[in-house]
>>> print(open('start01.txt').read())   # compact mmCIF, C-alpha atoms
# COMPACT_ATOMS: atom_id res chain seq x y z
CA MET A 14 0.00 0.00 0.00
CA HIS A 15 1.32 3.44 -0.92
CA ARG A 16 2.39 5.53 2.08
CA ALA A 17 -0.10 8.22 1.01
CA TRP A 18 -2.99 6.07 2.19
CA TRP A 19 -1.45 5.73 5.67
CA VAL A 20 -1.00 9.49 5.83
CA ALA A 21 -4.64 9.92 4.81
CA LEU A 22 -5.67 7.50 7.58
CA VAL A 23 -3.74 9.43 10.23
CA CYS A 24 -5.27 12.69 9.00
CA PHE A 25 -8.72 11.10 9.14
CA VAL A 26 -8.17 10.11 12.78
CA ALA A 27 -6.86 13.60 13.59
CA LEU A 28 -9.94 15.18 12.04
CA VAL A 29 -12.15 12.84 14.07
CA GLY A 30 -10.40 13.98 17.25
CA ALA A 31 -10.76 17.65 16.35
CA ALA A 32 -14.45 17.15 15.56
CA GLY A 33 -15.25 15.98 19.07
CA PHE A 34 -15.67 19.37 20.69
CA ARG A 35 -17.27 20.88 17.60
CA ALA A 36 -20.05 18.30 17.99
CA THR A 37 -20.95 19.42 21.52
CA PRO A 38 -22.50 22.93 21.23
CA SER A 39 -25.99 21.66 20.40
CA VAL A 40 -26.18 19.50 23.54
CA PHE A 41 -24.60 22.16 25.79
CA ILE A 42 -27.05 24.97 25.02
CA ASP A 43 -29.86 23.86 27.34
CA PRO A 44 -27.60 22.77 30.27
CA LEU A 45 -25.72 26.07 30.22
CA HIS A 46 -28.99 27.98 29.99
CA GLN A 47 -30.42 26.10 32.97
CA GLU A 48 -27.30 26.30 35.19
CA PHE A 49 -26.18 29.88 34.55
CA GLY A 50 -29.37 31.48 33.23
CA TRP A 51 -27.59 32.67 30.07
CA SER A 52 -29.91 33.39 27.14
CA HIS A 53 -29.93 31.32 23.96
CA GLY A 54 -28.62 34.40 22.17
CA THR A 55 -25.59 34.71 24.49
CA ILE A 56 -24.66 31.05 24.19
CA SER A 57 -25.25 31.15 20.44
CA PHE A 58 -22.86 34.11 20.21
CA ALA A 59 -20.07 31.98 21.69
CA VAL A 60 -20.95 29.18 19.29
CA GLY A 61 -21.03 31.66 16.42
CA LEU A 62 -17.57 33.00 17.34
CA ASN A 63 -16.27 29.43 17.42
CA VAL A 64 -17.67 28.79 13.97
CA LEU A 65 -16.39 32.12 12.60
CA LEU A 66 -12.84 31.59 13.85
CA TYR A 67 -12.97 28.03 12.56
CA GLY A 68 -13.38 29.53 9.10
CA LEU A 69 -11.12 32.57 9.36
CA THR A 70 -8.21 30.53 10.74
CA ALA A 71 -8.35 27.95 7.95
CA PRO A 72 -6.61 29.87 5.12
CA PHE A 73 -3.79 31.00 7.42
CA ALA A 74 -3.39 27.46 8.77
CA SER A 75 -3.07 26.17 5.22
CA ALA A 76 -0.24 28.62 4.55
CA LEU A 77 1.39 27.80 7.91
CA MET A 78 1.37 24.15 6.89
CA GLU A 79 3.29 25.18 3.79
CA ARG A 80 5.81 27.08 5.92
CA TYR A 81 6.22 24.94 9.05
CA GLY A 82 4.78 21.57 8.08
CA ILE A 83 1.51 19.74 8.53
CA ARG A 84 2.63 17.76 11.57
CA GLN A 85 3.63 20.80 13.64
CA VAL A 86 0.45 22.77 12.88
CA VAL A 87 -1.87 19.83 13.51
CA THR A 88 -0.17 18.99 16.82
CA ALA A 89 -0.48 22.59 18.02
CA ALA A 90 -4.13 22.68 16.94
CA LEU A 91 -5.04 19.53 18.86
CA LEU A 92 -3.34 20.85 21.99
CA LEU A 93 -5.25 24.12 21.70
CA ILE A 94 -8.57 22.29 21.31
CA SER A 95 -7.78 20.18 24.38
CA ALA A 96 -6.90 23.27 26.43
CA GLY A 97 -10.03 25.13 25.42
CA SER A 98 -12.39 22.24 26.10
CA GLY A 99 -10.71 21.39 29.41
CA LEU A 100 -10.82 24.96 30.73
CA THR A 101 -14.57 25.22 30.19
CA VAL A 102 -15.17 23.22 33.38
CA PHE A 103 -13.93 26.22 35.42
CA MET A 104 -16.01 28.94 33.73
CA ARG A 105 -18.49 30.99 35.73
CA SER A 106 -19.35 33.91 33.42
CA GLU A 107 -20.21 34.62 29.81
CA TRP A 108 -16.81 36.03 28.85
CA GLN A 109 -15.13 32.79 29.93
CA LEU A 110 -17.49 30.83 27.71
CA ILE A 111 -16.61 33.13 24.81
CA VAL A 112 -12.85 32.80 25.42
CA CYS A 113 -12.75 29.02 25.94
CA TRP A 114 -15.53 27.82 23.71
CA GLY A 115 -15.37 30.56 21.13
CA LEU A 116 -11.76 31.75 20.92
CA LEU A 117 -9.47 28.83 21.86
CA VAL A 118 -11.48 26.00 20.37
CA GLY A 119 -12.40 28.13 17.35
CA ILE A 120 -8.76 28.80 16.45
CA GLY A 121 -7.70 25.23 17.19
CA SER A 122 -10.45 23.61 15.19
CA GLY A 123 -9.93 26.12 12.38
CA SER A 124 -6.35 24.93 12.06
CA MET A 125 -7.79 21.44 11.56
CA ALA A 126 -10.45 22.54 9.11
CA LEU A 127 -11.23 21.25 5.63
CA ALA A 128 -8.31 23.26 4.25
CA PHE A 129 -6.16 20.71 6.12
CA ALA A 130 -7.87 17.92 4.20
CA ALA A 131 -7.31 19.81 0.94
CA THR A 132 -3.61 20.29 1.73
CA VAL A 133 -3.09 16.58 2.44
CA ALA A 134 -4.98 15.53 -0.68
CA ASN A 135 -3.03 17.97 -2.84
CA ARG A 136 0.41 17.03 -1.49
CA TRP A 137 0.09 13.27 -1.31
CA PHE A 138 -2.23 12.42 -4.21
CA VAL A 139 -2.21 13.07 -7.93
CA ALA A 140 -4.87 10.46 -8.68
CA ARG A 141 -8.08 9.96 -6.66
CA THR A 142 -7.98 13.46 -5.19
CA GLY A 143 -11.78 13.71 -5.20
CA LEU A 144 -12.18 10.42 -3.36
CA VAL A 145 -9.54 11.29 -0.78
CA SER A 146 -11.07 14.74 -0.24
CA GLY A 147 -14.42 13.07 0.39
CA ILE A 148 -12.95 10.58 2.86
CA LEU A 149 -11.08 13.25 4.83
CA THR A 150 -14.09 15.55 4.81
CA ALA A 151 -16.13 12.72 6.27
CA GLY A 152 -13.74 12.70 9.25
CA SER A 153 -15.66 15.55 10.84
CA ALA A 154 -18.92 13.70 10.39
CA THR A 155 -17.37 10.60 11.92
CA GLY A 156 -16.22 12.67 14.88
CA GLN A 157 -19.81 13.73 15.38
CA LEU A 158 -20.89 10.11 15.08
CA VAL A 159 -18.38 8.97 17.71
CA PHE A 160 -18.81 11.76 20.24
CA LEU A 161 -22.31 13.21 20.03
CA PRO A 162 -24.37 10.33 21.53
CA LEU A 163 -21.73 9.85 24.24
CA VAL A 164 -21.64 13.56 25.03
CA ALA A 165 -25.44 13.70 25.22
CA LEU A 166 -25.55 10.75 27.63
CA LEU A 167 -22.81 12.28 29.77
CA VAL A 168 -24.65 15.61 29.87
CA GLU A 169 -27.85 13.88 30.97
CA GLY A 170 -26.01 11.77 33.55
CA SER A 171 -22.73 13.12 34.93
CA GLY A 172 -23.18 16.64 33.58
CA TRP A 173 -21.71 18.85 30.89
CA ARG A 174 -18.37 19.26 32.72
CA THR A 175 -17.64 15.54 32.48
CA ALA A 176 -18.53 15.64 28.80
CA SER A 177 -16.07 18.50 28.25
CA LEU A 178 -13.27 16.58 29.93
CA VAL A 179 -13.95 13.47 27.86
CA VAL A 180 -13.72 15.48 24.65
CA CYS A 181 -10.55 17.17 25.93
CA GLY A 182 -8.90 13.83 26.60
CA SER A 183 -9.99 12.36 23.29
CA ALA A 184 -8.48 15.20 21.26
CA LEU A 185 -5.29 15.03 23.34
CA ALA A 186 -4.97 11.28 22.74
CA VAL A 187 -4.60 11.86 18.99
CA VAL A 188 -1.43 13.94 19.40
CA PRO A 189 1.05 11.03 19.78
CA LEU A 190 -0.38 9.36 16.68
CA VAL A 191 0.13 12.54 14.65
CA VAL A 192 3.69 13.04 15.90
CA TRP A 193 4.61 9.42 15.24
CA LEU A 194 3.08 8.73 11.81
CA LEU A 195 2.22 11.96 9.99
CA ARG A 196 4.71 13.29 7.45
CA ASP A 197 4.49 16.56 5.55
CA ARG A 198 5.32 15.52 1.98
CA PRO A 199 5.98 12.28 0.07
CA GLU A 200 9.43 13.62 -0.82
CA ASP A 201 10.29 13.49 2.92
CA VAL A 202 10.25 9.68 2.75
CA GLY A 203 11.64 9.34 -0.78
CA LEU A 204 8.32 8.81 -2.56
CA ARG A 205 6.25 10.43 -5.28
CA PRO A 206 2.59 11.28 -4.63
CA TYR A 207 0.10 8.51 -5.24
CA GLY A 208 -0.64 8.32 -8.96
CA ALA A 209 2.35 10.41 -10.06
CA GLY A 210 4.35 9.08 -13.00
CA PRO A 211 8.14 9.02 -13.46
CA GLY A 212 8.05 12.51 -15.00
CA TYR A 213 6.51 14.08 -11.88
CA VAL A 214 8.24 17.29 -10.76
CA PRO A 215 7.69 18.30 -7.10
CA PRO A 216 6.14 21.76 -6.70
CA GLU A 217 8.50 24.51 -5.72
CA ALA A 218 8.12 25.77 -2.18
CA GLY A 219 6.68 29.25 -2.01
CA ALA A 220 9.24 31.90 -1.21
CA ALA A 221 6.73 34.22 0.46
CA GLY A 222 5.88 33.94 4.15
CA ALA A 223 2.68 32.31 5.32
CA LEU A 224 0.81 35.57 5.92
CA ARG A 225 1.97 37.16 2.69
CA ARG A 226 1.11 34.14 0.58
CA THR A 227 -2.31 33.74 2.20
CA LEU A 228 -3.26 37.37 1.57
CA SER A 229 -1.76 37.29 -1.93
CA ALA A 230 -3.84 34.23 -2.84
CA LEU A 231 -6.96 36.02 -1.57
CA TRP A 232 -6.11 39.17 -3.54
CA GLN A 233 -5.66 37.25 -6.78
CA ALA A 234 -8.75 35.08 -6.26
CA ALA A 235 -10.97 37.99 -5.24
CA ARG A 236 -10.45 39.54 -8.69
CA THR A 237 -12.40 36.67 -10.28
CA LYS A 238 -16.16 36.12 -10.36
CA VAL A 239 -15.66 32.41 -9.74
CA PHE A 240 -14.28 33.07 -6.26
CA TRP A 241 -17.27 35.14 -5.16
CA LEU A 242 -19.76 32.63 -6.51
CA LEU A 243 -18.02 29.78 -4.71
CA ALA A 244 -17.62 31.80 -1.51
CA GLY A 245 -21.25 32.95 -1.54
CA SER A 246 -22.69 29.51 -2.18
CA PHE A 247 -20.41 27.93 0.41
CA ALA A 248 -21.48 30.57 2.95
CA ILE A 249 -25.04 29.34 2.48
CA CYS A 250 -23.76 25.78 2.85
CA GLY A 251 -22.31 26.72 6.24
CA ALA A 252 -25.46 28.54 7.27
CA SER A 253 -27.61 25.48 6.56
CA SER A 254 -25.26 22.91 8.13
CA ASN A 255 -22.87 24.01 10.89
CA GLY A 256 -24.73 27.20 11.69
CA LEU A 257 -28.30 25.94 11.88
CA MET A 258 -28.54 22.17 11.85
CA SER A 259 -25.50 21.25 13.90
CA THR A 260 -26.06 23.98 16.50
CA HIS A 261 -29.83 24.18 16.86
CA PHE A 262 -31.38 20.86 15.81
CA VAL A 263 -31.13 19.30 19.29
CA PRO A 264 -32.66 22.25 21.20
CA ALA A 265 -35.33 22.63 18.48
CA ALA A 266 -36.30 18.96 18.81
CA HIS A 267 -36.27 19.31 22.60
CA ASP A 268 -38.70 22.24 22.29
CA HIS A 269 -41.17 19.76 20.77
CA GLY A 270 -40.77 17.28 23.63
CA MET A 271 -38.04 15.02 22.25
CA ALA A 272 -35.44 13.82 24.76
CA VAL A 273 -31.99 15.31 24.31
CA PRO A 274 -30.17 11.94 23.90
CA VAL A 275 -32.70 10.91 21.24
CA ALA A 276 -32.29 14.18 19.33
CA ALA A 277 -28.50 13.92 19.63
CA SER A 278 -28.65 10.37 18.27
CA LEU A 279 -30.57 11.64 15.24
CA LEU A 280 -27.88 14.26 14.66
CA ALA A 281 -25.25 11.53 15.01
CA LEU A 282 -27.15 9.45 12.45
CA ILE A 283 -26.75 12.36 10.06
CA GLY A 284 -23.02 11.95 10.66
CA VAL A 285 -23.20 8.26 9.73
CA LEU A 286 -25.07 8.96 6.52
CA ASP A 287 -22.87 11.93 5.75
CA LEU A 288 -19.86 9.63 5.84
CA VAL A 289 -21.44 7.64 3.01
CA GLY A 290 -22.71 10.70 1.14
CA THR A 291 -19.41 12.58 1.23
CA VAL A 292 -17.29 9.64 0.08
CA CYS A 293 -19.75 8.99 -2.74
CA SER A 294 -19.68 12.69 -3.60
CA GLY A 295 -15.88 12.51 -3.87
CA TRP A 296 -16.22 9.53 -6.22
CA LEU A 297 -18.80 11.41 -8.32
CA THR A 298 -16.60 14.52 -8.38
CA ASP A 299 -13.85 12.55 -10.11
CA ARG A 300 -16.34 11.67 -12.89
CA PHE A 301 -18.97 14.41 -13.31
CA ASP A 302 -19.31 18.19 -13.57
CA ALA A 303 -18.82 19.59 -10.05
CA ARG A 304 -21.11 22.55 -10.76
CA ARG A 305 -24.11 20.35 -11.54
CA LEU A 306 -23.43 18.15 -8.53
CA LEU A 307 -23.45 21.23 -6.28
CA ALA A 308 -26.69 22.52 -7.80
CA VAL A 309 -28.41 19.22 -7.06
CA TYR A 310 -27.04 19.09 -3.50
CA TYR A 311 -28.13 22.62 -2.62
CA GLY A 312 -31.55 22.26 -4.22
CA LEU A 313 -32.37 19.06 -2.35
CA ARG A 314 -31.08 20.49 0.93
CA GLY A 315 -33.26 23.58 0.60
CA LEU A 316 -36.35 21.48 -0.05
CA SER A 317 -35.72 19.32 3.00
CA LEU A 318 -35.26 22.36 5.30
CA LEU A 319 -38.53 23.90 4.12
CA LEU A 320 -40.34 20.73 5.21
CA LEU A 321 -38.53 20.22 8.52
CA PRO A 322 -40.74 22.43 10.80
CA MET A 323 -43.69 20.14 10.07
CA LEU A 324 -41.78 17.01 11.10
CA PHE A 325 -40.86 17.73 14.72
CA ALA A 326 -42.63 15.64 17.37
CA GLY A 327 -42.06 14.25 20.84
CA SER A 328 -40.86 10.95 19.41
CA VAL A 329 -39.15 9.84 16.22
CA GLN A 330 -41.78 9.40 13.50
CA PRO A 331 -41.17 7.92 10.01
CA PRO A 332 -41.23 11.34 8.25
CA MET A 333 -38.49 12.64 10.58
CA LEU A 334 -36.42 9.51 10.01
CA PHE A 335 -36.79 9.97 6.26
CA PHE A 336 -35.61 13.58 6.61
CA ILE A 337 -32.55 12.49 8.60
CA ILE A 338 -31.59 9.97 5.92
CA PHE A 339 -32.21 12.44 3.10
CA TYR A 340 -30.40 15.35 4.77
CA GLY A 341 -27.55 13.22 6.08
CA LEU A 342 -26.54 12.00 2.63
CA ASP A 343 -26.44 15.62 1.44
CA TRP A 344 -24.97 17.42 4.46
CA VAL A 345 -21.34 18.09 3.49
CA ALA A 346 -21.40 16.33 0.14
CA THR A 347 -20.79 19.86 -1.18
CA VAL A 348 -17.16 19.86 -0.04
CA PRO A 349 -15.43 17.59 -2.63
CA PRO A 350 -16.96 19.43 -5.64
CA THR A 351 -16.07 22.81 -4.10
CA MET A 352 -12.50 21.68 -3.46
CA ALA A 353 -12.31 20.43 -7.05
CA LEU A 354 -13.47 23.77 -8.45
CA CYS A 355 -10.83 25.58 -6.38
CA ARG A 356 -8.14 23.25 -7.74
CA GLU A 357 -9.48 23.72 -11.23
CA HIS A 358 -9.60 27.51 -11.24
CA PHE A 359 -6.80 28.57 -8.86
CA GLY A 360 -4.01 26.10 -9.52
CA ALA A 361 -1.18 25.82 -7.00
CA ASP A 362 -2.94 28.20 -4.59
CA GLY A 363 -6.10 26.08 -4.70
CA ALA A 364 -5.79 24.80 -1.13
CA ILE A 365 -5.29 28.32 0.27
CA VAL A 366 -8.14 29.71 -1.84
CA PHE A 367 -10.33 26.89 -0.58
CA GLY A 368 -9.36 28.02 2.91
CA TRP A 369 -10.82 31.45 2.13
CA VAL A 370 -13.92 29.86 0.62
CA LEU A 371 -14.19 27.86 3.84
CA ALA A 372 -13.89 31.12 5.77
CA ALA A 373 -17.00 32.30 3.91
CA HIS A 374 -18.66 28.97 4.80
CA GLN A 375 -17.99 29.51 8.48
CA THR A 376 -18.95 33.19 8.34
CA GLY A 377 -22.37 32.16 7.04
CA ALA A 378 -22.55 29.48 9.73
CA SER A 379 -21.57 31.95 12.44
CA VAL A 380 -24.19 34.50 11.43
CA VAL A 381 -27.01 31.95 11.27
CA ALA A 382 -25.96 30.25 14.53
CA PHE A 383 -26.33 33.60 16.28
CA VAL A 384 -29.43 34.78 14.42
CA ALA A 385 -31.25 31.49 14.97
CA GLY A 386 -30.71 31.87 18.70
CA LEU A 387 -32.20 35.36 18.55
CA VAL A 388 -35.15 34.01 16.52
CA ARG A 389 -35.75 31.40 19.22
CA ASP A 390 -35.65 34.04 21.97
CA ALA A 391 -38.00 36.36 20.06
CA THR A 392 -40.58 33.92 18.67
CA GLY A 393 -40.27 30.86 20.89
CA THR A 394 -39.58 28.57 17.90
CA TYR A 395 -36.99 27.99 15.21
CA ASP A 396 -39.52 27.77 12.35
CA LEU A 397 -38.51 31.04 10.70
CA ALA A 398 -34.85 30.04 10.78
CA TRP A 399 -35.51 26.71 9.02
CA THR A 400 -37.66 28.31 6.32
CA GLY A 401 -35.34 31.23 5.59
CA THR A 402 -32.30 28.99 5.28
CA GLY A 403 -34.17 26.68 2.91
CA VAL A 404 -34.78 29.63 0.59
CA LEU A 405 -31.10 30.56 0.74
CA CYS A 406 -30.17 27.05 -0.41
CA ALA A 407 -32.20 27.57 -3.58
CA LEU A 408 -30.15 30.72 -4.20
CA ALA A 409 -26.92 28.74 -3.72
CA ALA A 410 -28.05 26.21 -6.36
CA PHE A 411 -28.44 29.03 -8.86
CA MET A 412 -25.06 30.57 -7.96
CA VAL A 413 -23.03 27.42 -8.63
CA LEU A 414 -24.66 26.99 -12.04
CA VAL A 415 -23.36 30.46 -12.97
CA VAL A 416 -19.75 29.33 -12.34
CA ARG A 417 -18.11 28.89 -15.73
CA ARG A 418 -16.69 25.53 -16.74
CA GLY A 419 -13.08 25.12 -15.75
CA PRO A 420 -10.20 24.62 -18.18
CA GLY A 421 -9.67 20.96 -17.29
CA ARG A 422 -11.32 17.93 -15.80
CA THR A 423 -12.90 18.60 -12.40
CA GLY A 424 -10.93 15.85 -10.74
CA ALA A 425 -7.59 17.11 -12.08
CA PRO A 426 -4.99 17.10 -9.32
CA LEU A 427 -3.78 20.34 -7.89
CA ALA A 428 -0.12 19.64 -8.50
CA THR A 429 -0.80 19.25 -12.21
CA SER A 430 -3.05 22.23 -12.58
CA GLY A 431 -0.57 24.37 -10.66
CA ALA A 432 1.98 23.90 -13.41
CA MET A 433 -0.03 26.00 -15.81
CA ALA A 434 -1.52 28.51 -13.40
CA ARG A 435 -1.48 32.15 -14.25
CA PRO A 436 -0.62 34.69 -11.58
CA GLY A 437 -4.32 35.34 -11.20
CA GLY A 438 -4.96 31.66 -10.60
CA VAL A 439 -7.17 31.04 -13.64
CA LEU A 440 -6.31 28.91 -16.65
CA THR A 441 -7.56 29.57 -20.11
CA GLY A 442 -8.94 26.80 -22.27
CA ASP A 443 -5.86 26.86 -24.51
CA GLU A 444 -3.53 26.64 -21.53
CA GLY A 445 -5.51 23.76 -20.05
CA ALA A 446 -5.34 21.91 -23.37
CA ALA A 447 -1.60 22.47 -23.48
CA ARG A 448 -1.03 20.79 -20.10
CA THR A 449 1.52 18.01 -20.30
CA PRO A 450 1.68 14.93 -18.05
CA GLY A 451 5.17 15.64 -16.88
CA GLY A 452 4.64 19.34 -16.22
CA SER A 453 3.06 19.13 -12.81
CA GLY A 454 4.02 21.09 -9.81
CA LYS A 455 5.85 24.25 -10.84
CA ARG A 456 4.02 27.48 -10.25
>>> encode(input="start01.txt", output="C-alpha cells")
Amino acid sequence: MHRAWWVALVCFVALVGAAGFRATPSVFIDPLHQEFGWSHGTISFAVGLNVLLYGLTAPFASALMERYGIRQVVTAALLLISAGSGLTVFMRSEWQLIVCWGLLVGIGSGSMALAFAATVANRWFVARTGLVSGILTAGSATGQLVFLPLVALLVEGSGWRTASLVVCGSALAVVPLVVWLLRDRPEDVGLRPYGAGPGYVPPEAGAAGALRRTLSALWQAARTKVFWLLAGSFAICGASSNGLMSTHFVPAAHDHGMAVPVAASLLALIGVLDLVGTVCSGWLTDRFDARRLLAVYYGLRGLSLLLLPMLFAGSVQPPMLFFIIFYGLDWVATVPPTMALCREHFGADGAIVFGWVLAAHQTGASVVAFVAGLVRDATGTYDLAWTGTGVLCALAAFMVLVVRRGPGRTGAPLATSGAMARPGGVLTGDEGAARTPGGSGKR
C-alpha cells in the first residue's frame, strides 16, 4: 500500500479527534442555559464566534502548513482544542465561555479545518484526489458520530463538565499518533505522490511567508467572479449545516418534547449517513461536472429544510427519520466538488483559496448560529430560521450553475493544474489543453 494512504488514515483520525468538541455545542445549550441562566442568544454568540474563527483561521493554517509543516500545525491545533475544552469546566461567566468555547477551540479547530484535508490531498495524491477529499471531509462527520451520543448521555447523567473533559482527553490522545506517523510531503520519505508518474516534478516551495502568501492568494482570487460565486454559495452551505442544523437541531427537537439523547442520536445518524454521502460525492466529483453536482445538492437540501418544521414531534416518526436519511446523505457532500473547483480555477494556490472559501462557509454558519438563537428568543420557535435557510439554499443552487466551466477535468490534481496557473490563478482553455503529463508542480 502506498504511504499516502497511511497518511490519509492518520489525517482522518486527527480530524475525528478535532471534531469531538465541535459536535458538543448543540447539547450544551440547554444545560448552560439552565445552570447559569444565560440566554440562547448569548450562548449562540459563543458558538457563532467558534464557527467564525474556525473559518477565518483555515486559510492562514493552510499557509502555515506550507511554511512549518503539517505535523507541527496539527499537533499545536489539537493541543489548543484540548486546552479550550478542558478549561470550560472552570467557567463561571459569559466572557469565559466566549474565550474558551469561542476563541481557543475556534482557532484550534480552524487549524484542523477542511483546508487541512485539501492540503493533504493535494500534497500526497495526484490520482483519486476527489475520493480522498471526500474521505477526509467525512472525518468531521465521523467525529460527530463517535462523540455526540456519548456527550449527550454524559450531559444527561454526569453533567456537561464531564462531557467537556472526555472530549478534551480524546483530542489530546490523537497527538502522539500525529507526531509518530504523519509526514508533511511524500518527498520526505523518498516517494512520489500517489498516482504520479516518473516525469513528476515536485512543486516549488513558495518563497513568500505564510501571511503574505495567504493574503496574496486572496487578492488574486478575489479579482475573479468564480471566487465570489463559490464563496457565496459555500457561505449558504455553512449557514444550513454548521450554523443551523449542527447547532440548533437538538434544542429545536427538545422544544417539541423530544429527549436530548434521542435528538442527539438523530444528529449523530446524520453523521453516519454523511460519511457515506461525502465519500460517494468525492467519487462522483472525479467523474462528473462539479457545478451540476453542487446545484443538485443545494436544491435538495433547501427542499428538506422547508419541510422540517412540520416534522418535529415528541418521538421519532417515520417522516423525521426519512428527513434524517435524506439530509444526512447531502450534508457536506458539497465539499469535494467545491475543493475540485478551487483546484481547477486557482491552480497551485487552490488549497489556500479553498481556505478562504471555507472562511466564507464559516462566516455564514456563524451569522445563522447567532441569528437562529435570537429568533428562538423572540418567537419561541426555530420555524422562521428553518424556512429562511431553505430559501437561501435555492439561491446557492443558482449561484453554482453560474460558475463557468473550468479549463480541465474537475478531478484534475492540484499539482498538475498548478503547473499552468497564471498569476491570477485562472487557466484559459488553450492553456488547459496544453497541459503536459510531466509538467506538474511548478508554479
>>> closest_atom_pairs(input="start01.txt", of="stretch 249-339 of chain A", to="stretch 352-372 of chain A", cutoff="10 Å", atoms="all atoms listed in the file", output="CSV")
residue,atom,partner,partner_atom,distance
A:Cys250,CA,A:Leu371,CA,9.8
A:Gly251,CA,A:Leu371,CA,8.5
A:Gly295,CA,A:Ala353,CA,9.3
A:Thr298,CA,A:Ala353,CA,7.4
A:Asp299,CA,A:Ala353,CA,8.6
A:Asp302,CA,A:Leu354,CA,9.6
A:Ala303,CA,A:Leu354,CA,7.0
A:Arg304,CA,A:Leu354,CA,8.1
>>> residues_around(input="start01.txt", residues="A:Gly203", least_positions_apart="2", cutoff="12 Å", atoms="only C-alpha atoms", output="list in words")
His15, Arg16, Ala17, Arg196, Asp197, Arg198, Pro199, Glu200, Asp201, Arg205, Pro206 and Pro215 of chain A
>>> residues_around(input="start01.txt", residues="stretch 223-229 of chain A", least_positions_apart="5", cutoff="7 Å", atoms="all atoms listed in the file", output="number ranges by chain")
A: 72-73, 76-77, 80, 365
>>> residues_around(input="start01.txt", residues="A:Arg305", least_positions_apart="5", cutoff="9 Å", atoms="all atoms listed in the file", output="list in words")
Tyr310, Ala410, Val413 and Leu414 of chain A
>>> closest_residue(input="start01.txt", among="A:Gln85, A:Thr400, A:Thr142, A:Thr132", to="A:Ala209", atoms="only C-alpha atoms")
A:Thr142
>>> residues_around(input="start01.txt", residues="A:Ser254", least_positions_apart="2", cutoff="12 Å", atoms="only C-alpha atoms", output="ChimeraX atom specification")
/A:64,154,247-252,256-262,280,283-284,287,311,314-315,318,340-341,343-348,374-375,377-379,381-382,399,402-403,406
>>> closest_residue(input="start01.txt", among="A:Asn135, A:Thr101, A:Ser124, A:Gln47", to="A:Ala74", atoms="only C-alpha atoms")
A:Ser124
>>> residues_around(input="start01.txt", residues="A:Arg105", least_positions_apart="5", cutoff="12 Å", atoms="only C-alpha atoms", output="list of chain:residue names")
A:Leu45, A:Glu48, A:Phe49, A:Gly50, A:Trp51, A:Leu100, A:Leu110, A:Ile111, A:Val112, A:Cys113
>>> atom_distance(input="start01.txt", atom1="atom CA of A:Leu167", atom2="atom CA of A:Ala272")
13.7 Å
>>> atom_distance(input="start01.txt", atom1="atom CA of A:Ser52", atom2="atom CA of A:Leu163")
25.1 Å
>>> residues_near_point(input="start01.txt", point="(-21.8, 31.9, -4.9)", cutoff="6 Å", atoms="all atoms listed in the file", output="NGL selection string")
:A and (241-246 or 412-413)
>>> atom_distance(input="start01.txt", atom1="atom CA of A:Ala276", atom2="atom CA of A:Asn255")
16.0 Å
